[in-house]
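Source file: data_10.csv; contents: CSV, C-alpha atoms and all ligand atoms.
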```csv
chain,number,residue,atom,x,y,z
D,1,MET,CA,185.2,103.4,44.2
D,2,SER,CA,184.6,100.4,42.1
D,3,ALA,CA,181.5,98.3,42.7
D,4,TYR,CA,183.8,95.3,42.8
D,5,PRO,CA,186.6,94.4,45.1
D,6,LEU,CA,190.0,95.0,43.4
D,7,TYR,CA,191.6,92.1,45.1
D,8,ARG,CA,189.6,89.0,45.8
D,9,PRO,CA,191.5,86.7,48.1
D,10,ARG,CA,189.2,83.8,47.1
D,11,ARG,CA,190.7,83.7,43.6
D,12,LEU,CA,193.8,82.0,44.9
D,13,ARG,CA,191.7,79.6,46.9
D,14,LYS,CA,189.5,78.4,44.0
D,15,LYS,CA,191.8,75.8,42.5
D,16,PRO,CA,193.9,73.1,44.2
D,17,PHE,CA,197.1,74.1,42.2
D,18,THR,CA,197.1,77.7,43.4
D,19,ARG,CA,196.3,76.6,46.9
D,20,ARG,CA,199.4,74.4,46.7
D,21,LEU,CA,201.5,77.1,45.1
D,22,VAL,CA,200.8,79.8,47.8
D,23,ALA,CA,200.9,77.5,50.8
D,24,GLU,CA,203.3,79.2,53.3
D,25,SER,CA,203.9,76.1,55.5
D,26,THR,CA,204.1,72.4,54.7
D,27,LEU,CA,204.1,69.4,56.9
D,28,GLN,CA,206.5,66.6,55.8
D,29,VAL,CA,207.4,63.2,57.2
D,30,ALA,CA,210.9,64.7,57.7
D,31,ASP,CA,209.4,67.0,60.4
D,32,LEU,CA,208.3,64.1,62.7
D,33,ILE,CA,210.0,62.5,65.7
D,34,TYR,CA,208.3,59.5,67.3
D,35,PRO,CA,208.5,59.0,71.1
D,36,MET,CA,208.7,55.4,72.2
D,37,PHE,CA,208.4,53.6,75.5
D,38,VAL,CA,210.8,50.6,76.1
D,39,LEU,CA,210.2,47.6,78.4
D,40,GLU,CA,212.5,44.9,79.8
D,41,GLY,CA,211.9,41.4,78.5
D,42,LYS,CA,211.3,39.7,75.1
D,43,ASN,CA,208.3,39.8,72.8
D,44,ARG,CA,206.4,41.9,75.3
D,45,THR,CA,204.0,44.8,74.7
D,46,GLU,CA,201.8,46.6,77.1
D,47,SER,CA,199.1,49.2,76.1
D,48,VAL,CA,198.9,52.5,77.9
D,49,ALA,CA,195.2,53.1,78.9
D,50,SER,CA,195.4,56.9,78.6
D,51,MET,CA,197.3,56.8,75.3
D,52,PRO,CA,195.2,54.6,72.9
D,53,GLY,CA,197.4,53.3,70.0
D,54,ILE,CA,200.7,53.7,72.0
D,55,ASP,CA,202.3,50.5,73.4
D,56,ARG,CA,205.3,50.1,75.6
D,57,MET,CA,207.5,47.4,74.0
D,58,SER,CA,210.5,45.2,74.6
D,59,ILE,CA,213.7,45.8,72.6
D,60,ASP,CA,213.1,43.0,70.0
D,61,LEU,CA,209.7,44.5,69.1
D,62,LEU,CA,211.1,48.0,69.2
D,63,ILE,CA,213.6,47.1,66.5
D,64,ARG,CA,210.8,45.7,64.3
D,65,GLU,CA,208.8,48.9,64.8
D,66,ALA,CA,211.9,51.0,64.1
D,67,GLU,CA,212.3,49.3,60.7
D,68,GLU,CA,208.7,50.3,59.9
D,69,LEU,CA,209.3,53.9,61.0
D,70,LEU,CA,212.4,54.1,58.8
D,71,ARG,CA,210.4,52.7,55.9
D,72,LEU,CA,207.8,55.4,56.4
D,73,GLY,CA,210.6,58.1,56.3
D,74,ILE,CA,210.5,59.2,59.9
D,75,PRO,CA,214.0,60.6,60.7
D,76,ALA,CA,214.3,59.9,64.4
D,77,VAL,CA,212.8,58.4,67.6
D,78,ALA,CA,212.9,59.6,71.2
D,79,LEU,CA,213.4,56.8,73.7
D,80,PHE,CA,211.9,56.5,77.2
D,81,PRO,CA,212.6,53.5,79.3
D,82,VAL,CA,210.1,52.0,81.7
D,83,THR,CA,212.3,51.1,84.7
D,84,PRO,CA,211.2,48.2,87.0
D,85,ALA,CA,210.4,49.5,90.5
D,86,GLU,CA,213.2,47.4,92.1
D,87,LEU,CA,215.8,49.3,90.1
D,88,LYS,CA,214.7,52.8,91.3
D,89,SER,CA,216.6,54.4,94.1
D,90,ASP,CA,217.2,57.8,95.7
D,91,CYS,CA,220.5,58.2,93.9
D,92,ALA,CA,219.1,57.1,90.5
D,93,SER,CA,222.2,55.1,89.7
D,94,GLU,CA,220.3,53.0,87.2
D,95,ALA,CA,220.3,56.1,85.0
D,96,PHE,CA,223.9,55.6,84.0
D,97,ASN,CA,224.1,51.8,84.1
D,98,PRO,CA,225.9,50.8,80.8
D,99,GLU,CA,223.6,47.7,80.8
D,100,GLY,CA,220.5,49.7,81.6
D,101,LEU,CA,217.4,49.4,79.5
D,102,ALA,CA,217.9,52.8,77.7
D,103,GLN,CA,221.5,52.0,76.9
D,104,LYS,CA,220.6,48.5,75.6
D,105,ALA,CA,217.8,49.9,73.5
D,106,ILE,CA,220.1,52.6,72.0
D,107,ARG,CA,222.8,50.0,71.2
D,108,ALA,CA,220.2,47.6,69.6
D,109,LEU,CA,218.7,50.4,67.5
D,110,LYS,CA,222.1,51.6,66.3
D,111,GLU,CA,223.1,48.0,65.5
D,112,PHE,CA,220.0,46.9,63.6
D,113,VAL,CA,218.5,50.2,62.2
D,114,PRO,CA,221.5,52.5,62.1
D,115,GLU,CA,220.0,55.1,59.7
D,116,LEU,CA,217.2,55.9,62.2
D,117,GLY,CA,218.2,58.8,64.5
D,118,VAL,CA,218.2,58.0,68.2
D,119,ILE,CA,217.3,60.7,70.7
D,120,SER,CA,217.8,59.7,74.3
D,121,ASP,CA,216.1,61.3,77.3
D,122,VAL,CA,218.4,62.7,79.9
D,123,ALA,CA,216.5,63.1,83.2
D,124,LEU,CA,216.3,61.1,86.4
D,125,ASP,CA,212.5,60.7,86.9
D,126,PRO,CA,212.3,57.1,85.5
D,127,PHE,CA,215.0,56.1,88.0
D,128,THR,CA,214.3,57.9,91.3
D,129,SER,CA,212.2,56.2,93.9
D,130,HIS,CA,210.3,59.5,94.4
D,131,GLY,CA,209.7,60.2,90.7
D,132,GLN,CA,211.3,63.6,90.6
D,133,ASP,CA,213.7,64.5,87.8
D,134,GLY,CA,216.7,65.0,90.2
D,135,LEU,CA,218.2,64.1,93.5
D,136,MET,CA,216.3,65.3,96.6
D,137,ASP,CA,217.8,66.8,99.7
D,138,GLU,CA,216.5,66.4,103.3
D,139,SER,CA,214.1,69.2,102.8
D,140,GLY,CA,212.5,67.7,99.7
D,141,TYR,CA,214.2,70.2,97.4
D,142,ILE,CA,215.7,68.9,94.1
D,143,SER,CA,219.4,69.8,94.4
D,144,ASN,CA,220.7,71.3,91.2
D,145,ASP,CA,224.4,70.7,91.1
D,146,GLU,CA,224.3,67.2,92.6
D,147,THR,CA,221.7,66.3,90.0
D,148,CYS,CA,223.8,67.7,87.2
D,149,GLU,CA,226.7,65.4,88.1
D,150,VAL,CA,224.4,62.4,87.6
D,151,LEU,CA,222.9,63.8,84.4
D,152,VAL,CA,226.4,64.1,83.0
D,153,LYS,CA,227.1,60.5,83.7
D,154,GLN,CA,223.7,59.5,82.2
D,155,ALA,CA,224.4,61.5,79.0
D,156,LEU,CA,227.8,60.1,78.6
D,157,SER,CA,226.5,56.5,79.0
D,158,HIS,CA,224.0,57.3,76.2
D,159,ALA,CA,226.6,58.7,74.0
D,160,GLU,CA,228.8,55.7,74.6
D,161,ALA,CA,225.9,53.4,73.7
D,162,GLY,CA,225.6,55.3,70.4
D,163,ALA,CA,222.9,57.9,70.9
D,164,ASP,CA,222.9,60.4,68.1
D,165,ILE,CA,221.3,63.1,70.2
D,166,VAL,CA,221.0,63.4,73.9
D,167,ALA,CA,218.0,65.4,75.1
D,168,PRO,CA,218.1,66.8,78.7
D,169,SER,CA,214.5,67.1,79.8
D,170,ASP,CA,215.2,67.8,83.5
D,171,MET,CA,215.4,71.6,83.6
D,172,MET,CA,218.3,71.9,86.0
D,173,ASP,CA,220.4,75.0,85.7
D,174,GLY,CA,223.7,74.8,83.8
D,175,ARG,CA,223.4,71.1,82.7
D,176,ILE,CA,223.8,71.8,79.0
D,177,GLY,CA,227.2,73.3,79.5
D,178,LEU,CA,228.3,70.5,81.8
D,179,ILE,CA,227.1,67.8,79.4
D,180,ARG,CA,228.7,69.5,76.4
D,181,GLU,CA,232.0,69.8,78.2
D,182,ALA,CA,232.0,66.1,79.2
D,183,LEU,CA,231.0,64.9,75.7
D,184,GLU,CA,233.8,66.9,74.2
D,185,ARG,CA,236.3,65.7,76.8
D,186,GLN,CA,235.3,62.0,76.1
D,187,GLY,CA,235.6,62.5,72.3
D,188,HIS,CA,231.9,62.5,71.6
D,189,VAL,CA,232.3,65.7,69.6
D,190,ASN,CA,229.5,64.9,67.2
D,191,THR,CA,226.9,63.8,69.7
D,192,CYS,CA,224.2,66.5,69.4
D,193,ILE,CA,222.3,68.1,72.3
D,194,MET,CA,218.6,68.8,71.9
D,195,ALA,CA,217.8,70.9,75.0
D,196,TYR,CA,214.3,70.8,76.5
D,197,SER,CA,214.9,74.5,77.1
D,198,ALA,CA,211.5,75.8,77.8
D,199,LYS,CA,209.7,73.0,79.6
D,200,TYR,CA,206.7,74.0,81.5
D,201,ALA,CA,205.3,72.6,84.8
D,202,SER,CA,202.3,71.4,82.8
D,203,SER,CA,199.3,69.3,83.7
D,204,TYR,CA,199.3,67.8,80.2
D,205,TYR,CA,202.0,65.2,81.1
D,206,GLY,CA,199.7,62.9,83.0
D,207,PRO,CA,199.4,60.1,80.4
D,208,PHE,CA,203.2,60.0,79.9
D,209,ARG,CA,203.7,59.6,83.7
D,210,ASP,CA,201.3,56.6,83.4
D,211,ALA,CA,203.3,55.2,80.5
D,212,VAL,CA,206.6,55.3,82.3
D,213,GLY,CA,205.2,54.5,85.7
D,214,SER,CA,206.4,57.6,87.4
D,215,ALA,CA,202.9,59.0,88.2
D,216,ALA,CA,202.1,57.2,91.4
D,217,ASN,CA,205.2,58.2,93.2
D,218,ILE,CA,205.9,61.8,92.5
D,219,LYS,CA,206.8,63.0,96.0
D,220,GLY,CA,205.8,66.6,96.5
D,221,GLY,CA,203.3,66.1,93.8
D,222,ASN,CA,204.7,68.6,91.4
D,223,LYS,CA,207.8,69.9,89.6
D,224,LEU,CA,207.3,73.6,90.2
D,225,SER,CA,210.8,74.2,91.6
D,226,TYR,CA,212.4,73.4,88.2
D,227,GLN,CA,209.9,73.3,85.4
D,228,MET,CA,208.6,76.7,84.2
D,229,ASP,CA,205.5,78.6,85.2
D,230,PRO,CA,202.9,78.5,82.4
D,231,ALA,CA,202.4,82.2,82.9
D,232,ASN,CA,205.9,83.1,81.5
D,233,THR,CA,207.4,83.7,78.0
D,234,ASP,CA,210.2,86.2,78.6
D,235,GLU,CA,211.6,83.6,81.0
D,236,ALA,CA,211.5,81.0,78.3
D,237,LEU,CA,213.6,83.2,76.0
D,238,ARG,CA,216.1,83.6,78.7
D,239,GLU,CA,216.3,79.8,79.3
D,240,ILE,CA,216.7,79.2,75.6
D,241,ALA,CA,219.5,81.8,75.3
D,242,LEU,CA,221.3,80.1,78.2
D,243,ASP,CA,221.1,76.7,76.5
D,244,ILE,CA,222.3,78.0,73.2
D,245,ASP,CA,225.2,79.7,74.9
D,246,GLU,CA,226.1,76.5,76.7
D,247,GLY,CA,226.2,74.5,73.5
D,248,ALA,CA,222.8,73.2,72.6
D,249,ASP,CA,222.5,72.3,68.9
D,250,MET,CA,218.7,72.3,69.0
D,251,VAL,CA,216.2,73.7,71.4
D,252,MET,CA,212.7,72.6,72.4
D,253,VAL,CA,209.5,74.0,73.7
D,254,LYS,CA,207.2,71.7,75.7
D,255,PRO,CA,204.2,71.2,75.7
D,256,GLY,CA,203.2,72.0,72.2
D,257,MET,CA,199.9,73.4,71.1
D,258,PRO,CA,199.1,75.5,74.2
D,259,TYR,CA,202.6,77.0,73.9
D,260,LEU,CA,202.9,77.9,70.2
D,261,ASP,CA,203.4,81.6,71.1
D,262,VAL,CA,206.6,80.5,72.8
D,263,VAL,CA,207.7,78.5,69.7
D,264,GLN,CA,207.1,81.5,67.5
D,265,ARG,CA,209.0,83.9,69.7
D,266,CYS,CA,211.9,81.4,70.1
D,267,LYS,CA,212.3,80.9,66.3
D,268,GLN,CA,212.0,84.7,65.6
D,269,GLU,CA,214.4,85.7,68.3
D,270,PHE,CA,217.2,83.1,67.9
D,271,GLY,CA,216.7,81.5,64.4
D,272,VAL,CA,218.1,78.1,65.7
D,273,PRO,CA,216.7,74.6,65.1
D,274,THR,CA,213.5,74.7,67.1
D,275,PHE,CA,211.5,71.7,68.1
D,276,ALA,CA,208.2,71.4,69.9
D,277,TYR,CA,206.7,68.4,71.8
D,278,GLN,CA,203.1,67.7,71.3
D,279,VAL,CA,202.8,65.9,74.7
D,280,SER,CA,200.9,62.9,75.9
D,281,GLY,CA,197.9,64.9,77.2
D,282,GLU,CA,197.5,66.6,73.9
D,283,TYR,CA,197.6,63.2,72.2
D,284,ALA,CA,195.1,61.8,74.8
D,285,MET,CA,192.6,64.6,74.3
D,286,HIS,CA,192.7,64.3,70.5
D,287,LYS,CA,192.3,60.5,70.7
D,288,ALA,CA,189.3,60.8,73.1
D,289,ALA,CA,187.6,63.2,70.7
D,290,PHE,CA,188.3,60.9,67.7
D,291,ALA,CA,187.0,57.8,69.7
D,292,ASN,CA,183.7,59.7,70.4
D,293,GLY,CA,183.3,60.7,66.8
D,294,TRP,CA,183.5,64.4,67.9
D,295,LEU,CA,186.5,65.2,65.6
D,296,ALA,CA,187.6,63.8,62.3
D,297,GLU,CA,190.8,61.9,63.0
D,298,GLU,CA,193.1,62.3,59.9
D,299,PRO,CA,192.5,66.0,59.0
D,300,VAL,CA,192.7,67.0,62.7
D,301,ILE,CA,196.0,65.2,63.2
D,302,LEU,CA,197.5,67.0,60.1
D,303,GLU,CA,196.1,70.4,61.1
D,304,SER,CA,197.4,70.1,64.6
D,305,LEU,CA,200.9,69.3,63.3
D,306,LEU,CA,200.8,72.0,60.6
D,307,ALA,CA,200.1,74.5,63.3
D,308,PHE,CA,203.6,73.8,64.7
D,309,LYS,CA,205.2,74.5,61.3
D,310,ARG,CA,203.3,77.7,60.9
D,311,ALA,CA,204.5,78.9,64.3
D,312,GLY,CA,208.1,78.3,63.2
D,313,ALA,CA,209.0,74.8,64.5
D,314,ASP,CA,211.5,72.8,62.5
D,315,GLY,CA,210.2,69.6,63.8
D,316,ILE,CA,207.7,68.0,66.2
D,317,LEU,CA,207.9,65.3,68.7
D,318,THR,CA,204.5,63.6,68.5
D,319,TYR,CA,202.8,60.4,69.3
D,320,PHE,CA,201.0,60.9,66.0
D,321,ALA,CA,204.3,60.6,64.1
D,322,LYS,CA,203.7,57.1,62.7
D,323,GLN,CA,200.0,57.7,61.9
D,324,ALA,CA,200.8,61.1,60.3
D,325,ALA,CA,203.6,59.5,58.2
D,326,GLU,CA,201.1,56.9,57.0
D,327,ILE,CA,198.5,59.6,56.1
D,328,LEU,CA,201.1,61.8,54.4
D,329,GLY,CA,202.4,58.8,52.4
D,330,LYS,CA,199.0,57.9,51.0
J,401,LIG,C1,210.4,63.7,82.3
J,401,LIG,C2,209.6,63.9,81.0
J,401,LIG,C3,208.3,64.1,81.0
J,401,LIG,C4,207.9,64.1,79.6
J,401,LIG,C5,209.1,63.8,78.9
J,401,LIG,N1,210.1,63.7,79.8
J,401,LIG,C6,207.3,64.3,82.0
J,401,LIG,C7,207.5,65.1,83.2
J,401,LIG,O1,208.3,66.1,83.2
J,401,LIG,O2,206.9,64.8,84.2
J,401,LIG,C8,206.5,64.3,79.2
J,401,LIG,C9,206.2,63.9,77.8
J,401,LIG,C10,204.7,63.8,77.5
J,401,LIG,O3,203.8,64.1,78.4
J,401,LIG,O4,204.4,63.3,76.5
J,401,LIG,N2,211.7,64.1,82.3
```
Could you express the structure from this file as C-alpha cells?
Ligand code: PBG
Amino acid sequence: MSAYPLYRPRRLRKKPFTRRLVAESTLQVADLIYPMFVLEGKNRTESVASMPGIDRMSIDLLIREAEELLRLGIPAVALFPVTPAELKSDCASEAFNPEGLAQKAIRALKEFVPELGVISDVALDPFTSHGQDGLMDESGYISNDETCEVLVKQALSHAEAGADIVAPSDMMDGRIGLIREALERQGHVNTCIMAYSAKYASSYYGPFRDAVGSAANIKGGNKLSYQMDPANTDEALREIALDIDEGADMVMVKPGMPYLDVVQRCKQEFGVPTFAYQVSGEYAMHKAAFANGWLAEEPVILESLLAFKRAGADGILTYFAKQAAEILGK
C-alpha cells in the first residue's frame, strides 16, 4: 500500500479548464421555458404578491416582453390566461372561444414574434366557476369523458390560433389520444403535444392559483381525484407510458425539485423528451430566501436548474427563465 492515494479526485477540480472539461451536465438558455400570465386590456400589468418579479400583463406588453425573451435566446413561453370572473362558467365554454384571451395572445405572439415557440395550457381551471380542471357532476366529481370533449375543443382552438405546442395539464384519462386524433383530423399534424403526464396533487401550486385567480374558488378544496398522490412513482411511469402511446411528443413531470427522482426514472425508462416544471411554490420559496439574504440569488438559481439537467430533464419550465438567461448571458 502506497502512502499516497493513487487517484486524487481533487486533481481534476484544481483548475477551471479541467472542471469545465469533465462537467457531466450543462445548463443552457436553450433549456428554458418561461411561463407567462396574460391579462385582458391594454398597457396593463399587475404584480403577483406571492411571486415577486412575475407580472401578469396585457397582450401588448406581452409582445414587448416576448421580443426581449427571444433576444435572450429563450426558445419558448408557456401561456396562462387570467380569465375575468364574469366569463367563468360551469361548462367552461370560454376555454374554446376563438376570441378568448389565450387564443388572442397566441395569435399576437405568432404574428409579432413568430420565432418564439408558444406552448398553450390545456385545462379548464381558469374557466370554471368552481376552479377545478374539469366539468363537475352533481356529486362534485370531475367527470372524465365529458371534460375530455371540452379539452379537445380547447386544444383545437389553440392550434387554430397558431400554438406550436399544446400542453394538457388537466390529468384526465385518455385526453392525449383524443387531442392527437382531433389535431390530425383537422390537419394540425405538426402541432406538438407536451403532456403534463405525471402531475402531482401538490401544495406547491398555491402562488400560481393566486396568479390566475383560481385559488379562492376551488370547490372541494383539492384535486386529489385526478392529480397524482405524491407517494407514488410507479404510477407516474404508467401515466407517462400511456401518454407516449397516445401520441405525446414530450412528457412532463410536475412539480420539479421535490420530484427529481421521477424525472430520472422517466428519462431512464423511456428516453423521450422529458420536461420538468419548477412550479410557483418553488419559485416563491427561493425568492423569499433571497429577499431575506438567506441564500445567494444567482448561484442558487443556476444550481437549482442544473439539478434538473443532472436528473435527465431536457428542459425546464421555470419562472427563473428570464433571470437565468440573463445570468448565463453575462
Ligand atoms: C392548472 C395548472 C396549475 C399549474 C399549471 N397549470 C395549477 C393546478 O393544477 O392547480 C401550476 C403551476 C405552478 O404552480 O407554477 N391546470
**Asked** If you count all atoms listed in the file, which residues end up within 9 Å of ligand LIG 401 (chain J), as a PyMOL selection string?
**Response** chain D and resi 35+80+121-126+131-133+168-171+196+199-209+214-215+218+222-223+227+254-255+277-283+317-319
**Asked** Hey, what's within 8 Å of range 104-119 of chain D if we count only C-alpha atoms and toss same-chain stuff fewer than 5 positions away? As JSON, numbers by chain, please?
**Response** {"D": [38, 59, 63, 66, 67, 70, 74, 75, 76, 77, 78, 79, 98, 99, 158, 161, 162, 163, 164, 165, 166, 167]}
**Selected residue of minimal separation from Gly213 in chain D among D:Leu12, D:Leu61, D:Val251, D:Val48, counting all atoms listed in the file** =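 Using all atoms listed in the file, Gly213 in chain D sits closest to D:Val48.
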**Prompt:** Out of D:Ser129, D:Ala198, D:Phe270, D:His286, which residue has the shortest atom-to-atom distance to Val253 in chain D when counting all atoms listed in the file?
**Reply:**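 Of the candidates, the smallest distance to Val253 in chain D is held by D:Ala198.
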**Prompt:** Can you tell me, as a PyMOL selection string, which residues sit within 12 Å of (220.1, 74.7, 70.1) in the file's frame, using all atoms listed in the file?
**Reply:** chain D and resi 165-168+176-177+180+192-198+239-253+266-267+270-275+314
**Residue nearest Lys322 in chain D among D:Ser2, D:Val212, D:Leu69, D:Ala49 (counting all atoms listed in the file)** = D:Leu69
**Message:** When you count only C-alpha atoms, which of these residues is closest to Pro52 in chain D: D:Arg10, D:Gly134, D:Lys287, D:Gly174?
**Reply:**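 For Pro52 in chain D, the nearest of the candidates is D:Lys287.
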**Message:** Let me make sure I understand: among D:Arg265, D:Arg175, D:Lys42, D:Lys88, which one has the smallest atom-to-atom distance to Val150 in chain D if we use only C-alpha atoms?
**Reply:**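 Checking each of D:Arg265, D:Arg175, D:Lys42, D:Lys88 against Val150 in chain D, counting only C-alpha atoms, the winner is D:Arg175.
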Generate N, CA and C atoms for range 263-293 of chain D and emit them as a PDB file, keeping the file's coordinate frame.
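Everything below was put into rebuild.pdb:
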```
ATOM      1  N   VAL D 263     206.969  79.011  70.891  1.00  0.00           N
ATOM      2  CA  VAL D 263     207.700  78.500  69.700  1.00  0.00           C
ATOM      3  C   VAL D 263     207.957  79.635  68.739  1.00  0.00           C
ATOM      4  N   GLN D 264     206.940  80.431  68.493  1.00  0.00           N
ATOM      5  CA  GLN D 264     207.100  81.500  67.500  1.00  0.00           C
ATOM      6  C   GLN D 264     208.126  82.546  67.973  1.00  0.00           C
ATOM      7  N   ARG D 265     208.059  82.937  69.243  1.00  0.00           N
ATOM      8  CA  ARG D 265     209.000  83.900  69.700  1.00  0.00           C
ATOM      9  C   ARG D 265     210.438  83.349  69.700  1.00  0.00           C
ATOM     10  N   CYS D 266     210.564  82.082  70.049  1.00  0.00           N
ATOM     11  CA  CYS D 266     211.900  81.400  70.100  1.00  0.00           C
ATOM     12  C   CYS D 266     212.496  81.449  68.673  1.00  0.00           C
ATOM     13  N   LYS D 267     211.712  81.024  67.684  1.00  0.00           N
ATOM     14  CA  LYS D 267     212.300  80.900  66.300  1.00  0.00           C
ATOM     15  C   LYS D 267     212.613  82.340  65.807  1.00  0.00           C
ATOM     16  N   GLN D 268     211.727  83.304  66.075  1.00  0.00           N
ATOM     17  CA  GLN D 268     212.000  84.700  65.600  1.00  0.00           C
ATOM     18  C   GLN D 268     213.217  85.276  66.238  1.00  0.00           C
ATOM     19  N   GLU D 269     213.350  85.060  67.529  1.00  0.00           N
ATOM     20  CA  GLU D 269     214.400  85.700  68.300  1.00  0.00           C
ATOM     21  C   GLU D 269     215.798  85.071  67.975  1.00  0.00           C
ATOM     22  N   PHE D 270     215.854  83.734  67.903  1.00  0.00           N
ATOM     23  CA  PHE D 270     217.200  83.100  67.900  1.00  0.00           C
ATOM     24  C   PHE D 270     217.488  82.437  66.502  1.00  0.00           C
ATOM     25  N   GLY D 271     216.463  82.089  65.733  1.00  0.00           N
ATOM     26  CA  GLY D 271     216.700  81.500  64.400  1.00  0.00           C
ATOM     27  C   GLY D 271     217.566  80.186  64.540  1.00  0.00           C
ATOM     28  N   VAL D 272     217.372  79.421  65.593  1.00  0.00           N
ATOM     29  CA  VAL D 272     218.100  78.100  65.700  1.00  0.00           C
ATOM     30  C   VAL D 272     217.117  76.995  65.481  1.00  0.00           C
ATOM     31  N   PRO D 273     217.633  75.776  65.237  1.00  0.00           N
ATOM     32  CA  PRO D 273     216.700  74.600  65.100  1.00  0.00           C
ATOM     33  C   PRO D 273     215.814  74.506  66.304  1.00  0.00           C
ATOM     34  N   THR D 274     214.527  74.621  66.057  1.00  0.00           N
ATOM     35  CA  THR D 274     213.500  74.700  67.100  1.00  0.00           C
ATOM     36  C   THR D 274     212.535  73.588  67.032  1.00  0.00           C
ATOM     37  N   PHE D 275     212.371  72.872  68.118  1.00  0.00           N
ATOM     38  CA  PHE D 275     211.500  71.700  68.100  1.00  0.00           C
ATOM     39  C   PHE D 275     210.367  71.969  69.172  1.00  0.00           C
ATOM     40  N   ALA D 276     209.249  71.301  68.977  1.00  0.00           N
ATOM     41  CA  ALA D 276     208.200  71.400  69.900  1.00  0.00           C
ATOM     42  C   ALA D 276     207.667  69.996  70.214  1.00  0.00           C
ATOM     43  N   TYR D 277     207.203  69.774  71.431  1.00  0.00           N
ATOM     44  CA  TYR D 277     206.700  68.400  71.800  1.00  0.00           C
ATOM     45  C   TYR D 277     205.220  68.498  72.039  1.00  0.00           C
ATOM     46  N   GLN D 278     204.505  67.837  71.119  1.00  0.00           N
ATOM     47  CA  GLN D 278     203.100  67.700  71.300  1.00  0.00           C
ATOM     48  C   GLN D 278     202.924  66.520  72.317  1.00  0.00           C
ATOM     49  N   VAL D 279     202.635  66.860  73.570  1.00  0.00           N
ATOM     50  CA  VAL D 279     202.800  65.900  74.700  1.00  0.00           C
ATOM     51  C   VAL D 279     201.668  64.916  74.799  1.00  0.00           C
ATOM     52  N   SER D 280     201.858  64.011  75.754  1.00  0.00           N
ATOM     53  CA  SER D 280     200.900  62.900  75.900  1.00  0.00           C
ATOM     54  C   SER D 280     199.482  63.397  76.175  1.00  0.00           C
ATOM     55  N   GLY D 281     199.302  64.459  76.943  1.00  0.00           N
ATOM     56  CA  GLY D 281     197.900  64.900  77.200  1.00  0.00           C
ATOM     57  C   GLY D 281     197.275  65.504  75.986  1.00  0.00           C
ATOM     58  N   GLU D 282     198.068  66.112  75.112  1.00  0.00           N
ATOM     59  CA  GLU D 282     197.500  66.600  73.900  1.00  0.00           C
ATOM     60  C   GLU D 282     197.081  65.456  72.977  1.00  0.00           C
ATOM     61  N   TYR D 283     197.918  64.408  72.956  1.00  0.00           N
ATOM     62  CA  TYR D 283     197.600  63.200  72.200  1.00  0.00           C
ATOM     63  C   TYR D 283     196.293  62.584  72.766  1.00  0.00           C
ATOM     64  N   ALA D 284     196.245  62.456  74.112  1.00  0.00           N
ATOM     65  CA  ALA D 284     195.100  61.800  74.800  1.00  0.00           C
ATOM     66  C   ALA D 284     193.798  62.543  74.461  1.00  0.00           C
ATOM     67  N   MET D 285     193.826  63.864  74.506  1.00  0.00           N
ATOM     68  CA  MET D 285     192.600  64.600  74.300  1.00  0.00           C
ATOM     69  C   MET D 285     192.093  64.497  72.865  1.00  0.00           C
ATOM     70  N   HIS D 286     193.047  64.510  71.938  1.00  0.00           N
ATOM     71  CA  HIS D 286     192.700  64.300  70.500  1.00  0.00           C
ATOM     72  C   HIS D 286     192.052  62.921  70.347  1.00  0.00           C
ATOM     73  N   LYS D 287     192.742  61.907  70.895  1.00  0.00           N
ATOM     74  CA  LYS D 287     192.300  60.500  70.700  1.00  0.00           C
ATOM     75  C   LYS D 287     190.885  60.331  71.317  1.00  0.00           C
ATOM     76  N   ALA D 288     190.642  60.959  72.456  1.00  0.00           N
ATOM     77  CA  ALA D 288     189.300  60.800  73.100  1.00  0.00           C
ATOM     78  C   ALA D 288     188.246  61.417  72.202  1.00  0.00           C
ATOM     79  N   ALA D 289     188.553  62.566  71.590  1.00  0.00           N
ATOM     80  CA  ALA D 289     187.600  63.200  70.700  1.00  0.00           C
ATOM     81  C   ALA D 289     187.339  62.342  69.458  1.00  0.00           C
ATOM     82  N   PHE D 290     188.424  61.734  68.929  1.00  0.00           N
ATOM     83  CA  PHE D 290     188.300  60.900  67.700  1.00  0.00           C
ATOM     84  C   PHE D 290     187.406  59.659  68.099  1.00  0.00           C
ATOM     85  N   ALA D 291     187.690  59.056  69.270  1.00  0.00           N
ATOM     86  CA  ALA D 291     187.000  57.800  69.700  1.00  0.00           C
ATOM     87  C   ALA D 291     185.475  58.112  69.831  1.00  0.00           C
ATOM     88  N   ASN D 292     185.150  59.337  70.228  1.00  0.00           N
ATOM     89  CA  ASN D 292     183.700  59.700  70.400  1.00  0.00           C
ATOM     90  C   ASN D 292     183.087  60.162  69.114  1.00  0.00           C
ATOM     91  N   GLY D 293     183.869  60.250  68.070  1.00  0.00           N
ATOM     92  CA  GLY D 293     183.300  60.700  66.800  1.00  0.00           C
ATOM     93  C   GLY D 293     183.096  62.257  66.839  1.00  0.00           C
TER      94      GLY D 293
END
```
